[in-house]
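Undergrad: Before I ask anything, let me first share the structure, which is written out below as structure tokens.
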Amino acid sequence: MGREPAKPQQQGQETDYTVDQLVAFNRYNPDIFPDLENSVNEQTYSLESNLCLLRLYQFEPEKLSSQIVTRMLVKALMAMPGPDFSLCLFLIPERVQMEDQFKTLIVLSHYLETGRFRQFWDEAAKNRHILDTVPGFEQAIQGYAVHVLSLTYQKVPRTVLAEAINIEGLALDKFLEHQVANSGWVIEKSQGRGQLIVLPRNEYNDPILKKNTAESVPLENITRIFPILS
């Protein structure tokens, strides 16, 4: 993995540092540049190491690799609903953000954050050369879309689901079969509106569950507030 990392002595044996350990012990050491950049190209994902790399780029901007940062931001989109994309973007100089690929990724991030999935998939289709550099991107975004729908709906029309995850026809049938078998989804037929997908209830899409959750705050958590208010 790039340059051979430092090796600590442990009970007479040598053990390689992981990337996370390099970040912990050498956060501002430019010698770890190769290891951090290589980690971006691997299948594993570490927000902490990516943020560390971006901070090092700030100290040595001439070393900044647009290709590496692009791949990093694509992976950050895949981590939604986590704040990874915004955290990374904050450390990228504005002049770099003006490059076409970064402007595209910022637009895609906005579409995802606002639940505009049809616009997202349309824009993504125009920029496959950016997104296809990371395996599993489409599946990760589909998972995020399902997450958003599950927070919003108890029942969602098949057409809305199809638009959100960009799947239609037989592929959508297989997807639904899998969700029914493994995630507790139920399919209903609605007159004049095709299929309705019944999603599992949770405290976000069900007001009753939300109320019950709010009412079940442990007493000890409430009593801790009293000294603060007194």
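In the structure tokens, chains take the letters A, B, ... in the order shown, each chain's residues start at 1, and ligands count up from 1 in the order shown.
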Within 9 Å of Leu112 in chain A, counting only C-alpha atoms, which residues qualify if same-chain residues fewer than 4 places away don't, as a ChimeraX atom specification?
TA: /A:77,80-81,107-108,116-117,120,141,144-145
Undergrad: Just to confirm, what's the straight-line distance from CA of Asn205 in chain A to CA of Glu188 in chain A in Å (one decimal)?
TA: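 Answer for the CA of Asn205 in chain A to CA of Glu188 in chain A separation: 18.0 Å.
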Undergrad: Under the rule that only C-alpha atoms are counted, which of A:Leu131, A:Leu89, A:Val160, A:Leu36 is the nearest residue to Ile197 in chain A?
TA: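 Checking each of A:Leu131, A:Leu89, A:Val160, A:Leu36 against Ile197 in chain A, counting only C-alpha atoms, the winner is A:Val160.
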Undergrad: If I take CA of Phe90 in chain A and CA of Glu37 in chain A, how far is one from the other in Å, to one decimal?
TA: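 Those two atoms sit 18.5 Å apart.
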Undergrad: If you run DSSP over the backbone, which residues in range 2-153 of chain A end up helix (DSSP H, G or I)? Put them as JSON, numbers by chain.
TA: {"A": [19, 20, 21, 22, 23, 24, 25, 30, 31, 32, 33, 34, 35, 36, 37, 38, 39, 40, 41, 47, 48, 49, 50, 51, 52, 53, 54, 55, 56, 57, 58, 59, 61, 62, 63, 66, 67, 68, 69, 70, 71, 72, 73, 74, 75, 76, 77, 78, 84, 85, 86, 87, 88, 89, 90, 94, 95, 96, 97, 100, 101, 102, 103, 104, 105, 106, 107, 108, 109, 110, 111, 112, 113, 117, 118, 119, 120, 121, 122, 123, 124, 125, 128, 129, 130, 131, 137, 138, 139, 140, 141, 142, 143, 144, 145, 146, 147, 148, 149, 150, 151, 152]}
Undergrad: Please provide as a ChimeraX atom specification all residues within 10 Å of Ser150 in chain A, with the sequence filter that same-chain residues fewer than 4 positions apart are discarded (counting only C-alpha atoms).
TA: /A:144-146,154-156,198-202,204-205
